[in-house]
Amino acid sequence: MTLPAQPSHDHDHDHDHDHPHPGVAKDEEPYSYYANLELAVRELLIEAGLITADEHRRQIEILDSRSPLLGAKVVARAWTDPDFKERLLKDGSAASEEMGITMYDGAHLIVHENTDKVHNMVVCTLCSCYPRPVLGLPPDWYKNKQYRARAVKEPRAVLKEFGTVLPDEVGIHVHDSNANMRYLILPLRPAGTEEMTEQELADLVTRDSMIGVTVVKSSLAQRNGSHV
Amino acid sequence: MSSTESLITHLPNDIGGRDADAINMEEHPMLPWEKRCHALLDVLATHQIVNTEEKRRGVEGLGSEIIGKLTYYERWIVSAVNVLLEKRILTPDQIANKTKEIAERKL
């Protein structure tokens, strides 16, 4: 990532430490016009009484608390509880609310189930809409133009870059998200997991499988970086 | 298609279906200010001060040159500022004065 040029460091206040400190401000971040702009907007809106500092700090806590582990729990519940799965496919927002996961700003969670015949994957061609309450922040590749441009045009080639090669007879449905419709993929439950508990199943479910660019493997050993 | 036609039929964000390179799967860690920016935009959406769709449209309105040169969260905050100015929730003077004050505070 490229940050704007550092400000010139020609001010003449007293320093109680040795140079150099290359552009690092008191908050230990490089100078950024845009970081200052964010702070300016936030302070002005707080001063105007339109938002509060507490809300902003609380939202950072919420961002920190979200991760694909939440989505994995939803998937594992759906794999083990047919009634929950039915509710989840009917109304993803309401079913995930049962598990304490709340959507925001009018966004609806829509869940698509992978089957032997259909594989689903998610993209946001216009920007970066993503089911953040169940998956956390999107990976950079999801926001970059290569994935956004190509997913709707050549999904099999895109999947192959993620190491996912599906039989030709499996259809691929690509779901293009928007501000109001966020998609979560319910992956195929792998064979050989019939004896597993809900938690063991959740441990198998990866972020990328819920975006639909990979499939869930039956063995933890097949996962990179797994730790149990 | 004429040389300018695609500029009209496809706004800068509208890239679905275009040709593009192999997917770059490199991740960069989120910078602290980027997280603060994300949280701010979430709070603005909660209060419907700048909602998600307005933010997206605001990014689109930056035009292809700025979209191409700014990073993801840089686009977000500039979009939000423009929407706040359009709605007359903030004025250009307020922003100019506050950013100047912040820059001086940080020196």
# chains A, B, ... in the order shown; residues from 1 in each chain; ligands from 1

call {"tool": "closest_atom_pairs", "arguments": {"of": "chain A", "to": "chain B", "cutoff": "7 Å", "atoms": "only C-alpha atoms", "output": "JSON lines"}}
result
{"residue": "A:Ala25", "atom": "CA", "partner": "B:Lys106", "partner_atom": "CA", "distance": 6.1}
{"residue": "A:Lys26", "atom": "CA", "partner": "B:Lys106", "partner_atom": "CA", "distance": 6.4}
{"residue": "A:Tyr34", "atom": "CA", "partner": "B:Glu74", "partner_atom": "CA", "distance": 5.9}
{"residue": "A:Ala35", "atom": "CA", "partner": "B:Trp33", "partner_atom": "CA", "distance": 5.6}
{"residue": "A:Asn36", "atom": "CA", "partner": "B:Thr99", "partner_atom": "CA", "distance": 6.2}
{"residue": "A:Leu37", "atom": "CA", "partner": "B:Thr99", "partner_atom": "CA", "distance": 6.2}
{"residue": "A:Glu38", "atom": "CA", "partner": "B:Cys37", "partner_atom": "CA", "distance": 6.0}
{"residue": "A:Ala40", "atom": "CA", "partner": "B:Lys98", "partner_atom": "CA", "distance": 5.5}
{"residue": "A:Arg42", "atom": "CA", "partner": "B:Leu40", "partner_atom": "CA", "distance": 7.0}
{"residue": "A:Glu55", "atom": "CA", "partner": "B:Val43", "partner_atom": "CA", "distance": 6.9}
{"residue": "A:His56", "atom": "CA", "partner": "B:Ala39", "partner_atom": "CA", "distance": 6.1}
{"residue": "A:Gln59", "atom": "CA", "partner": "B:Ala39", "partner_atom": "CA", "distance": 5.3}
{"residue": "A:Ile60", "atom": "CA", "partner": "B:Ala39", "partner_atom": "CA", "distance": 5.6}
{"residue": "A:Asp105", "atom": "CA", "partner": "B:Thr46", "partner_atom": "CA", "distance": 6.0}
{"residue": "A:Thr125", "atom": "CA", "partner": "B:Gly16", "partner_atom": "CA", "distance": 4.9}
{"residue": "A:Leu126", "atom": "CA", "partner": "B:Asn13", "partner_atom": "CA", "distance": 5.1}
{"residue": "A:Cys127", "atom": "CA", "partner": "B:Asn13", "partner_atom": "CA", "distance": 6.7}
{"residue": "A:Pro139", "atom": "CA", "partner": "B:Glu27", "partner_atom": "CA", "distance": 6.8}
{"residue": "A:Asp140", "atom": "CA", "partner": "B:Glu27", "partner_atom": "CA", "distance": 5.6}
{"residue": "A:Trp141", "atom": "CA", "partner": "B:Met25", "partner_atom": "CA", "distance": 5.3}
{"residue": "A:Gln146", "atom": "CA", "partner": "B:Ala20", "partner_atom": "CA", "distance": 5.1}
{"residue": "A:Tyr147", "atom": "CA", "partner": "B:Ile23", "partner_atom": "CA", "distance": 5.9}
{"residue": "A:Arg148", "atom": "CA", "partner": "B:Gly16", "partner_atom": "CA", "distance": 5.8}
{"residue": "A:Ala149", "atom": "CA", "partner": "B:Gly16", "partner_atom": "CA", "distance": 4.2}
{"residue": "A:Arg150", "atom": "CA", "partner": "B:Gly17", "partner_atom": "CA", "distance": 5.7}
{"residue": "A:Val152", "atom": "CA", "partner": "B:Gly17", "partner_atom": "CA", "distance": 5.7}
{"residue": "A:Lys153", "atom": "CA", "partner": "B:Gly17", "partner_atom": "CA", "distance": 4.9}
{"residue": "A:Ala179", "atom": "CA", "partner": "B:Glu53", "partner_atom": "CA", "distance": 5.9}

call {"tool": "atom_distance", "arguments": {"atom1": "atom CA of A:Asp91", "atom2": "atom CA of A:Gly192"}}
result
28.9 Å

call {"tool": "select_by_dssp", "arguments": {"residues": "chain B", "states": "alpha helix (DSSP H)", "output": "VMD selection string"}}
result
chain B and resid 5 to 9 32 to 46 52 to 60 64 to 69 72 to 86 92 to 106

call {"tool": "residues_around", "arguments": {"residues": "stretch 132-138 of chain A", "least_positions_apart": "6", "cutoff": "6 Å", "atoms": "only C-alpha atoms", "output": "list in words"}}
result
Arg66, Ser67, Pro68, Leu70 and Gly71 of chain A

call {"tool": "atom_distance", "arguments": {"atom1": "atom CA of A:Val123", "atom2": "atom CA of A:Asp176"}}
result
5.1 Å

call {"tool": "atom_distance", "arguments": {"atom1": "atom CA of A:Thr206", "atom2": "atom CA of A:Asn180"}}
result
24.1 Å
